[in-house]
$ cat model_10.cif   # mmCIF, C-alpha atoms
data_protein
#
loop_
_atom_site.label_atom_id
_atom_site.label_comp_id
_atom_site.auth_asym_id
_atom_site.auth_seq_id
_atom_site.Cartn_x
_atom_site.Cartn_y
_atom_site.Cartn_z
CA MET Z 1 293.33 100.51 43.03
CA VAL Z 2 290.71 97.84 43.32
CA LEU Z 3 292.29 96.02 40.42
CA THR Z 4 295.76 95.93 41.93
CA GLU Z 5 294.41 94.65 45.20
CA GLU Z 6 292.67 91.87 43.41
CA ASP Z 7 295.80 91.07 41.48
CA SER Z 8 297.96 90.86 44.56
CA SER Z 9 295.50 88.59 46.33
CA LYS Z 10 295.35 86.40 43.27
CA SER Z 11 299.10 86.04 43.07
CA GLY Z 12 299.13 85.37 46.81
CA LYS Z 13 296.78 82.48 46.27
CA ASN Z 14 298.86 81.09 43.46
CA ASN Z 15 301.82 81.30 45.75
CA GLU Z 16 302.24 78.22 47.90
CA ASN Z 17 302.49 80.34 50.99
CA SER Z 18 299.16 81.97 50.17
CA SER Z 19 299.44 85.01 52.36
CA ASP Z 20 298.04 88.10 50.83
CA ASN Z 21 300.53 90.80 51.72
CA ALA Z 22 303.00 91.97 49.13
CA SER Z 23 306.04 90.99 51.18
CA SER Z 24 305.15 87.31 50.82
CA GLN Z 25 307.11 87.14 47.59
CA TYR Z 26 310.27 87.76 49.61
CA GLU Z 27 309.56 84.95 52.04
CA CYS Z 28 312.00 82.12 52.41
CA ASN Z 29 310.53 78.99 50.86
CA ILE Z 30 311.58 76.94 53.87
CA CYS Z 31 310.81 78.93 57.02
CA LEU Z 32 308.05 81.01 55.38
CA GLU Z 33 309.39 84.23 56.85
CA THR Z 34 311.02 87.18 55.16
CA ALA Z 35 314.35 85.77 54.00
CA LYS Z 36 317.32 86.58 56.22
CA ASP Z 37 320.78 86.41 54.66
CA ALA Z 38 318.90 85.81 51.48
CA VAL Z 39 320.27 83.69 48.70
CA ILE Z 40 318.68 82.86 45.40
CA SER Z 41 319.17 79.68 43.42
CA MET Z 42 319.93 79.61 39.71
CA CYS Z 43 316.37 78.41 39.24
CA GLY Z 44 315.18 81.61 40.89
CA HIS Z 45 313.96 80.43 44.28
CA LEU Z 46 314.56 82.49 47.38
CA PHE Z 47 315.77 81.12 50.71
CA CYS Z 48 317.45 82.17 53.91
CA TRP Z 49 320.98 80.93 53.63
CA PRO Z 50 320.79 79.16 57.03
CA CYS Z 51 317.60 77.36 55.94
CA LEU Z 52 318.98 76.31 52.57
CA HIS Z 53 322.25 75.23 54.11
CA LYS Z 54 320.42 72.94 56.52
CA TRP Z 55 318.48 71.47 53.62
CA LEU Z 56 321.58 70.88 51.47
CA GLU Z 57 323.35 69.33 54.46
CA THR Z 58 320.72 66.60 54.75
CA LYS Z 59 321.39 65.27 51.28
CA PRO Z 60 325.02 65.93 50.40
CA LEU Z 61 324.95 63.51 47.48
CA ASN Z 62 321.76 64.64 45.82
CA GLN Z 63 321.40 68.36 46.33
CA THR Z 64 318.22 69.66 44.77
CA CYS Z 65 316.19 72.82 45.01
CA PRO Z 66 313.39 72.22 47.54
CA VAL Z 67 310.92 74.01 45.29
CA CYS Z 68 311.58 72.71 41.79
CA LYS Z 69 314.08 69.88 42.43
CA SER Z 70 316.59 71.18 39.93
CA ALA Z 71 320.23 70.46 40.73
CA ILE Z 72 321.66 73.02 43.10
CA ASN Z 73 324.76 73.46 45.24
CA LYS Z 74 326.57 75.98 47.36
CA ASP Z 75 328.40 77.47 44.39
CA LYS Z 76 325.21 77.86 42.40
CA VAL Z 77 323.37 80.20 44.73
CA ILE Z 78 323.72 83.95 44.64
CA PRO Z 79 323.55 86.09 47.77
CA LEU Z 80 321.17 89.01 47.68
CA TYR Z 81 322.34 92.24 49.22
CA GLY Z 82 319.74 94.86 50.01
CA ARG Z 83 320.78 98.44 50.54
CA ASN Z 84 321.48 98.20 54.25
CA SER Z 85 321.51 94.50 54.84
CA SER Z 86 325.11 93.60 54.01
CA ASN Z 87 326.47 95.27 57.14
CA LYS Z 88 324.49 93.12 59.49
CA THR Z 89 326.69 90.09 59.87
CA ASP Z 90 325.31 88.16 62.80
CA PRO Z 91 327.59 85.60 64.43
CA ARG Z 92 326.58 82.36 62.84
CA ASP Z 93 328.32 79.62 64.73
CA LYS Z 94 327.60 76.47 62.84
CA ILE Z 95 326.35 77.88 59.62
CA PRO Z 96 329.14 78.85 57.28
CA PRO Z 97 328.96 82.34 55.88
CA ARG Z 98 326.94 82.90 52.79
CA PRO Z 99 328.71 82.12 49.53
CA GLN Z 100 330.45 85.14 48.10
CA GLY Z 101 329.02 87.11 45.29
CA GLN Z 102 331.06 86.64 42.15
CA ARG Z 103 332.00 89.69 40.21
CA THR Z 104 334.09 89.74 37.09
CA GLU Z 105 335.77 92.83 35.77
CA ALA Z 106 334.46 93.98 32.42
CA PRO Z 107 337.14 93.20 29.80
CA ARG Z 108 339.23 96.10 28.51
CA ASN Z 109 339.17 96.00 24.75
CA ASN Z 110 341.63 98.84 24.07
CA PHE Z 111 344.88 99.34 25.88
CA PHE Z 112 345.26 103.02 25.03
CA ALA Z 113 341.68 103.79 25.84
CA SER Z 114 342.33 102.88 29.42
CA GLY Z 115 344.34 106.07 29.84
CA LEU Z 116 347.37 106.65 32.03
CA ASP Z 117 346.52 103.70 34.19
CA GLY Z 118 348.25 101.20 31.90
CA LEU Z 119 351.13 103.46 30.91
CA HIS Z 120 353.04 103.30 34.17
CA VAL Z 121 356.22 101.73 32.86
CA SER Z 122 356.64 103.06 29.35
CA PHE Z 123 359.31 105.70 29.15
CA GLY Z 124 360.48 105.66 25.55
CA ILE Z 125 362.56 108.68 24.60
CA GLY Z 126 363.85 107.36 21.34
CA ALA Z 127 367.38 106.44 22.38
CA PHE Z 128 368.10 102.88 21.40
CA PRO Z 129 368.51 101.17 24.81
CA PHE Z 130 365.17 102.49 26.02
CA SER Z 131 363.09 101.86 22.98
CA PHE Z 132 363.81 98.19 23.55
CA PHE Z 133 362.56 98.48 27.12
CA ALA Z 134 359.62 100.58 26.20
CA SER Z 135 358.33 98.26 23.52
CA THR Z 136 358.75 95.16 25.67
CA PHE Z 137 356.87 96.64 28.56
CA ASN Z 138 354.18 97.93 26.33
CA PHE Z 139 353.64 94.49 24.94
CA THR Z 140 353.47 92.89 28.33
CA THR Z 141 350.99 95.42 29.63
CA ASP Z 142 348.90 94.91 26.55
CA ASN Z 143 348.51 91.21 27.21
CA ARG Z 144 348.13 91.25 30.94
CA MET Z 145 344.90 90.79 32.82
CA PRO Z 146 342.84 93.79 33.94
CA ALA Z 147 344.51 95.93 36.61
CA PRO Z 148 344.14 94.41 40.07
CA PRO Z 149 341.76 96.24 42.40
CA PRO Z 150 343.31 98.85 44.74
CA GLY Z 151 344.31 97.45 48.08
CA SER Z 152 345.17 93.94 46.89
CA PRO Z 153 348.78 92.70 47.16
CA GLN Z 154 349.12 92.67 43.37
CA TYR Z 155 348.22 96.33 43.24
CA ALA Z 156 350.85 97.25 45.81
CA GLU Z 157 353.40 95.19 43.94
CA GLU Z 158 352.66 96.91 40.66
CA GLN Z 159 352.88 100.30 42.27
CA PHE Z 160 356.25 99.33 43.69
CA LEU Z 161 357.53 98.05 40.34
CA SER Z 162 356.42 101.11 38.45
CA ARG Z 163 358.16 103.30 40.99
CA ILE Z 164 361.40 101.34 40.58
CA PHE Z 165 361.23 101.67 36.82
CA LEU Z 166 360.57 105.36 37.17
CA ILE Z 167 363.68 105.74 39.33
CA ILE Z 168 365.75 103.71 36.86
CA ALA Z 169 364.47 105.90 34.05
CA ILE Z 170 365.38 109.07 35.90
CA ILE Z 171 368.86 107.71 36.63
CA PHE Z 172 369.30 106.86 32.94
CA ILE Z 173 368.19 110.30 31.87
CA ILE Z 174 370.53 111.97 34.34
CA TRP Z 175 373.35 109.69 33.20
CA ILE Z 176 372.72 110.60 29.55
CA LEU Z 177 372.60 114.30 30.33
CA LEU Z 178 375.83 114.11 32.32
CA ALA Z 179 377.66 111.94 29.82
CA MET S 1 345.04 82.70 58.70
CA SER S 2 345.69 79.33 60.39
CA GLY S 3 345.92 81.04 63.76
CA SER S 4 342.43 82.45 63.53
CA GLU S 5 341.07 79.10 62.35
CA GLN S 6 342.61 77.39 65.35
CA GLN S 7 340.99 79.90 67.62
CA VAL S 8 337.64 79.26 66.11
CA ALA S 9 338.16 75.52 66.48
CA THR S 10 339.03 75.76 70.17
CA ASN S 11 336.15 78.12 70.78
CA SER S 12 333.64 75.82 69.19
CA SER S 13 334.91 72.75 71.03
CA SER S 14 334.78 74.45 74.41
CA GLY S 15 331.32 75.81 73.80
CA LYS S 16 329.98 72.68 72.15
CA LYS S 17 327.55 71.68 74.89
CA ASN S 18 326.18 75.17 75.17
CA ASP S 19 325.90 75.39 71.41
CA SER S 20 323.91 72.22 70.99
CA VAL S 21 321.49 73.21 73.74
CA GLN S 22 321.14 76.63 72.18
CA THR S 23 320.57 75.33 68.66
CA VAL S 24 317.90 72.89 69.86
CA THR S 25 315.92 75.65 71.57
CA LYS S 26 316.50 77.93 68.60
CA ASP S 27 315.33 75.18 66.23
CA LYS S 28 312.25 74.53 68.32
CA HIS S 29 311.44 78.20 68.26
CA SER S 30 311.72 78.48 64.49
CA VAL S 31 309.77 75.26 63.96
CA SER S 32 306.89 76.44 66.13
CA LYS S 33 306.93 79.74 64.27
CA ARG S 34 306.62 77.97 60.96
CA LEU S 35 303.87 75.69 62.30
CA GLN S 36 301.92 78.71 63.52
CA GLN S 37 302.20 80.22 60.07
CA GLU S 38 301.02 77.00 58.49
CA LEU S 39 298.06 76.85 60.85
CA MET S 40 297.12 80.39 59.87
CA SER S 41 297.34 79.77 56.15
CA LEU S 42 295.56 76.42 56.49
CA MET S 43 292.64 78.09 58.23
CA MET S 44 292.61 80.88 55.67
CA SER S 45 292.84 78.55 52.69
CA GLY S 46 289.31 77.21 53.15
CA GLU S 47 290.35 73.95 51.55
CA LYS S 48 287.44 71.53 51.47
CA GLY S 49 287.93 67.89 52.24
CA VAL S 50 291.00 68.27 54.43
CA SER S 51 291.61 69.97 57.75
CA ALA S 52 294.14 69.88 60.56
CA PHE S 53 294.61 71.36 64.00
CA PRO S 54 297.21 71.03 66.75
CA ASP S 55 296.43 68.37 69.32
CA GLY S 56 295.80 70.40 72.47
CA ASP S 57 298.63 72.74 73.45
CA ASN S 58 301.28 70.77 71.66
CA LEU S 59 302.08 72.55 68.43
CA PHE S 60 304.34 69.68 67.36
CA LYS S 61 301.53 67.17 67.10
CA TRP S 62 298.56 67.77 64.87
CA ILE S 63 295.39 65.84 64.16
CA GLY S 64 294.33 65.97 60.54
CA THR S 65 291.16 64.80 58.86
CA ILE S 66 290.68 63.93 55.24
CA GLN S 67 287.53 63.06 53.39
CA GLY S 68 287.59 60.33 50.80
CA PRO S 69 287.94 61.82 47.32
CA ILE S 70 284.70 62.15 45.38
CA GLY S 71 284.26 59.59 42.66
CA THR S 72 286.33 56.92 44.42
CA VAL S 73 285.37 54.03 46.67
CA TYR S 74 286.34 56.22 49.63
CA GLU S 75 283.71 58.87 48.84
CA GLY S 76 281.75 59.82 51.95
CA LEU S 77 284.29 58.33 54.37
CA GLU S 78 286.39 60.39 56.74
CA TYR S 79 289.76 59.48 58.22
CA ARG S 80 291.85 60.95 61.00
CA LEU S 81 295.61 61.29 60.74
CA ILE S 82 298.30 62.04 63.29
CA LEU S 83 301.12 64.33 62.20
CA ASP S 84 304.20 64.34 64.40
CA PHE S 85 306.65 67.15 63.69
CA PRO S 86 310.31 66.61 64.56
CA ASN S 87 312.54 69.46 65.74
CA GLY S 88 314.18 69.44 62.33
CA TYR S 89 310.93 70.21 60.49
CA PRO S 90 310.60 71.23 57.66
CA ILE S 91 314.07 70.00 56.72
CA VAL S 92 312.99 66.61 58.08
CA ALA S 93 309.61 65.18 57.10
CA PRO S 94 306.94 64.81 59.78
CA LYS S 95 305.76 61.35 60.81
CA VAL S 96 302.31 60.88 59.39
CA LYS S 97 300.03 57.93 60.12
CA PHE S 98 296.36 57.09 60.14
CA GLU S 99 294.75 57.24 63.54
CA SER S 100 291.62 55.54 62.32
CA SER S 101 292.24 52.17 60.75
CA CYS S 102 292.24 52.51 56.99
CA PHE S 103 291.83 49.68 54.53
CA HIS S 104 294.08 50.72 51.68
CA PRO S 105 296.85 49.05 49.64
CA ASN S 106 299.49 51.52 50.88
CA VAL S 107 298.48 51.64 54.54
CA ASP S 108 299.42 48.89 56.99
CA GLU S 109 297.35 47.71 59.96
CA ASN S 110 299.13 50.17 62.27
CA GLY S 111 298.21 53.11 60.09
CA ASN S 112 301.69 53.63 58.60
CA ILE S 113 301.57 55.12 55.15
CA CYS S 114 303.85 54.25 52.25
CA LEU S 115 304.14 57.54 50.41
CA ASP S 116 307.31 58.69 48.68
CA ILE S 117 306.92 62.38 49.55
CA LEU S 118 306.95 61.48 53.25
CA ARG S 119 310.22 59.62 52.79
CA GLU S 120 312.90 59.97 50.14
CA LYS S 121 311.02 62.53 48.04
CA TRP S 122 310.35 64.89 50.95
CA SER S 123 311.04 68.55 50.28
CA ALA S 124 311.31 71.36 52.80
CA THR S 125 308.68 73.31 50.88
CA TYR S 126 305.95 70.77 51.52
CA ASP S 127 303.57 71.66 54.30
CA VAL S 128 300.63 70.22 56.19
CA LEU S 129 298.22 71.11 53.43
CA SER S 130 300.28 69.45 50.70
CA ILE S 131 300.72 66.35 52.87
CA LEU S 132 296.99 66.06 53.54
CA LEU S 133 296.15 66.57 49.87
CA SER S 134 298.72 63.97 48.86
CA VAL S 135 297.34 61.41 51.31
CA GLN S 136 293.84 62.22 50.10
CA SER S 137 294.78 61.64 46.50
CA LEU S 138 296.63 58.46 47.48
CA LEU S 139 293.30 57.08 48.73
CA GLY S 140 291.79 57.16 45.27
CA ASP S 141 295.01 56.39 43.44
CA PRO S 142 296.98 53.71 45.28
CA ASN S 143 300.38 52.47 44.26
CA ILE S 144 299.74 48.75 43.91
CA ALA S 145 303.38 47.97 43.11
CA SER S 146 304.57 48.98 46.59
CA ALA S 147 301.73 47.67 48.70
CA LEU S 148 301.84 47.35 52.46
CA ASN S 149 298.43 45.71 52.71
CA HIS S 150 298.51 42.89 50.17
CA HIS S 151 294.94 41.87 50.80
CA ALA S 152 293.77 45.36 49.86
CA ALA S 153 296.10 45.39 46.87
CA ASP S 154 294.63 42.12 45.57
CA LEU S 155 291.11 43.28 46.17
CA TRP S 156 291.67 46.65 44.45
CA LYS S 157 291.20 45.12 40.99
CA ASN S 158 287.58 44.40 41.79
CA GLN S 159 286.27 47.79 42.82
CA SER S 160 282.75 46.75 43.80
CA LEU S 161 284.06 43.96 46.03
CA PHE S 162 286.66 46.34 47.46
CA LYS S 163 284.00 48.92 48.26
CA LYS S 164 281.80 46.37 50.03
CA TYR S 165 284.69 45.13 52.15
CA LEU S 166 285.88 48.68 52.84
CA LEU S 167 282.46 49.91 53.99
CA ASP S 168 281.96 46.85 56.21
CA LYS S 169 285.33 47.45 57.81
CA TYR S 170 284.75 51.19 58.13
CA ASP S 171 281.39 50.66 59.85
CA LYS S 172 282.92 48.21 62.29
CA GLU S 173 286.20 49.95 63.08
CA VAL S 174 285.74 53.66 62.51
CA ARG S 175 282.08 54.62 62.92
CA ASN S 176 281.67 52.60 66.11
CA LYS S 177 284.79 54.07 67.65
CA LYS S 178 283.67 57.61 67.02
CA PHE S 179 280.94 57.58 69.60
#

$ encode --input "model_10.cif" --output "structure tokens"
Amino acid sequence: MVLTEEDSSKSGKNNENSSDNASSQYECNICLETAKDAVISMCGHLFCWPCLHKWLETKPLNQTCPVCKSAINKDKVIPLYGRNSSNKTDPRDKIPPRPQGQRTEAPRNNFFASGLDGLHVSFGIGAFPFSFFASTFNFTTDNRMPAPPPGSPQYAEEQFLSRIFLIIAIIFIIWILLA
Amino acid sequence: MSGSEQQVATNSSSGKKNDSVQTVTKDKHSVSKRLQQELMSLMMSGEKGVSAFPDGDNLFKWIGTIQGPIGTVYEGLEYRLILDFPNGYPIVAPKVKFESSCFHPNVDENGNICLDILREKWSATYDVLSILLSVQSLLGDPNIASALNHHAADLWKNQSLFKKYLLDKYDKEVRNKKF
């Protein structure tokens, strides 16, 4: 217990802001308070987004990290979202909203492993006009990008298309049965 | 999309006057908060050789003192500085000048200091303590190439002569004024 206290006070002294409480490591490097709308630079330094934005605005041609002077810009800072913080969006008039977090979908390495999700349009029965369709669609789905997230326009479009193909397939099947 | 942007634009133009007044008071508030924090940490730091305190009730103007670094011609001398904090601090550097006259290659007769970190190399993470320490180290380590006081710059080569002249001047202009 004594040891940890000593440690924390030591690290507080090493810190430029030299305040001894543990929360000091989450202080904005500019306003010295606990970072609001926190962003972190690629070099690892924490700021309030409003503070950093003001700093970057003053030198649009030579944007550097105020702490370590490494090159920095709006696209190279990452917003930090705590558990309950992302809901609090205060009306910031002049300050543009924080840069968005960037998330990339993990690549799908196997088409069949992805389950029914990718199999929407394949309806091969074996009859020759459909096997052509089936193989073409299978190839296209194999090459396409990861499925768009639910709710986006692309998602709705794909749902619509797969429904149309389903209807066409049913019509074909009925036609074959009747013929 | 464009409709909402237009709305924002008209809103901001109509409320521009209010906005600017609001941001100035908001800025002032955050600057005084940061200065209070700096004052706290400066008093806690127990740094020897430099000190600073607000001038009366005005938190935006501080009086700093630095002692000449040990082992230099300035050893044993003490100088007073005025630090003027703008509303944009710490994004904008404070105005720092010597109150007492200071015979130094990089200080002119009005007390203005030629120091890169107070101008183009300013960073929002610098604070009163780092400024005072930088000025203190400038005393013992002048930048002869960008001299403001050419007489002092010429004399710097001959340290014993420089010291004699410096002490004469200090006795006349600083010690006598103190009392």

$ atom_distance --input "model_10.cif" --atom1 "atom CA of Gly56 of chain S" --atom2 "atom CA of Glu33 of chain Z"
24.9 Å

$ resolve_selection --input "model_10.cif" --expression "the PyMOL selection byres ((chain S) within 6 of (chain Z))" --output "PyMOL selection string"
chain S and resi 34+91+123-125

$ atom_distance --input "model_10.cif" --atom1 "atom CA of Lys97 of chain S" --atom2 "atom CA of Lys121 of chain S"
17.0 Å

$ atom_distance --input "model_10.cif" --atom1 "atom CA of Asp57 of chain S" --atom2 "atom CA of Val92 of chain S"
21.9 Å

$ residues_around --input "model_10.cif" --residues "Leu83 of chain S" --least-positions-apart "5" --cutoff "10 Å" --atoms "all atoms listed in the file" --output "MDAnalysis selection string"
chainID S and resid 52:55 60:64 93:99 128 131:132

$ write_last_selection --input "model_10.cif" --atoms "C-alpha atoms" --output "PDB file, in the coordinates of the input"
ATOM      1  CA  ALA S  52     294.140  69.880  60.560  1.00  0.00           C
ATOM      2  CA  PHE S  53     294.610  71.360  64.000  1.00  0.00           C
ATOM      3  CA  PRO S  54     297.210  71.030  66.750  1.00  0.00           C
ATOM      4  CA  ASP S  55     296.430  68.370  69.320  1.00  0.00           C
ATOM      5  CA  PHE S  60     304.340  69.680  67.360  1.00  0.00           C
ATOM      6  CA  LYS S  61     301.530  67.170  67.100  1.00  0.00           C
ATOM      7  CA  TRP S  62     298.560  67.770  64.870  1.00  0.00           C
ATOM      8  CA  ILE S  63     295.390  65.840  64.160  1.00  0.00           C
ATOM      9  CA  GLY S  64     294.330  65.970  60.540  1.00  0.00           C
ATOM     10  CA  ALA S  93     309.610  65.180  57.100  1.00  0.00           C
ATOM     11  CA  PRO S  94     306.940  64.810  59.780  1.00  0.00           C
ATOM     12  CA  LYS S  95     305.760  61.350  60.810  1.00  0.00           C
ATOM     13  CA  VAL S  96     302.310  60.880  59.390  1.00  0.00           C
ATOM     14  CA  LYS S  97     300.030  57.930  60.120  1.00  0.00           C
ATOM     15  CA  PHE S  98     296.360  57.090  60.140  1.00  0.00           C
ATOM     16  CA  GLU S  99     294.750  57.240  63.540  1.00  0.00           C
ATOM     17  CA  VAL S 128     300.630  70.220  56.190  1.00  0.00           C
ATOM     18  CA  ILE S 131     300.720  66.350  52.870  1.00  0.00           C
ATOM     19  CA  LEU S 132     296.990  66.060  53.540  1.00  0.00           C
TER      20      LEU S 132
END

$ residues_around --input "model_10.cif" --residues "Asn112 of chain S" --least-positions-apart "5" --cutoff "12 Å" --atoms "all atoms listed in the file" --output "ChimeraX atom specification"
/S:81-83,95-107,118-119,135,147-149

$ write_last_selection --input "model_10.cif" --atoms "C-alpha atoms" --output "mmCIF file, keeping the file's coordinate frame"
data_model
loop_
_atom_site.group_PDB
_atom_site.id
_atom_site.type_symbol
_atom_site.label_atom_id
_atom_site.label_comp_id
_atom_site.auth_asym_id
_atom_site.auth_seq_id
_atom_site.Cartn_x
_atom_site.Cartn_y
_atom_site.Cartn_z
ATOM 1 C CA LEU S 81 295.610 61.290 60.740
ATOM 2 C CA ILE S 82 298.300 62.040 63.290
ATOM 3 C CA LEU S 83 301.120 64.330 62.200
ATOM 4 C CA LYS S 95 305.760 61.350 60.810
ATOM 5 C CA VAL S 96 302.310 60.880 59.390
ATOM 6 C CA LYS S 97 300.030 57.930 60.120
ATOM 7 C CA PHE S 98 296.360 57.090 60.140
ATOM 8 C CA GLU S 99 294.750 57.240 63.540
ATOM 9 C CA SER S 100 291.620 55.540 62.320
ATOM 10 C CA SER S 101 292.240 52.170 60.750
ATOM 11 C CA CYS S 102 292.240 52.510 56.990
ATOM 12 C CA PHE S 103 291.830 49.680 54.530
ATOM 13 C CA HIS S 104 294.080 50.720 51.680
ATOM 14 C CA PRO S 105 296.850 49.050 49.640
ATOM 15 C CA ASN S 106 299.490 51.520 50.880
ATOM 16 C CA VAL S 107 298.480 51.640 54.540
ATOM 17 C CA LEU S 118 306.950 61.480 53.250
ATOM 18 C CA ARG S 119 310.220 59.620 52.790
ATOM 19 C CA VAL S 135 297.340 61.410 51.310
ATOM 20 C CA ALA S 147 301.730 47.670 48.700
ATOM 21 C CA LEU S 148 301.840 47.350 52.460
ATOM 22 C CA ASN S 149 298.430 45.710 52.710
#

$ closest_residue --input "model_10.cif" --among "S:Glu47, S:Asp171, S:Asp116, S:Asp108" --to "Ala153 of chain S" --atoms "all atoms listed in the file"
S:Asp108

$ closest_residue --input "model_10.cif" --among "Z:Phe172, Z:Ala156, Z:Arg98, Z:Asp75" --to "Val39 of chain Z" --atoms "only C-alpha atoms"
Z:Arg98

$ resolve_selection --input "model_10.cif" --expression "the PyMOL selection byres ((chain Z and resi 100) around 9)" --output "MDAnalysis selection string"
chainID Z and resid 75 78:79 97:99 101:102

$ write_last_selection --input "model_10.cif" --atoms "C-alpha atoms" --output "mmCIF file, keeping the file's coordinate frame"
data_model
loop_
_atom_site.group_PDB
_atom_site.id
_atom_site.type_symbol
_atom_site.label_atom_id
_atom_site.label_comp_id
_atom_site.auth_asym_id
_atom_site.auth_seq_id
_atom_site.Cartn_x
_atom_site.Cartn_y
_atom_site.Cartn_z
ATOM 1 C CA ASP Z 75 328.400 77.470 44.390
ATOM 2 C CA ILE Z 78 323.720 83.950 44.640
ATOM 3 C CA PRO Z 79 323.550 86.090 47.770
ATOM 4 C CA PRO Z 97 328.960 82.340 55.880
ATOM 5 C CA ARG Z 98 326.940 82.900 52.790
ATOM 6 C CA PRO Z 99 328.710 82.120 49.530
ATOM 7 C CA GLY Z 101 329.020 87.110 45.290
ATOM 8 C CA GLN Z 102 331.060 86.640 42.150
#
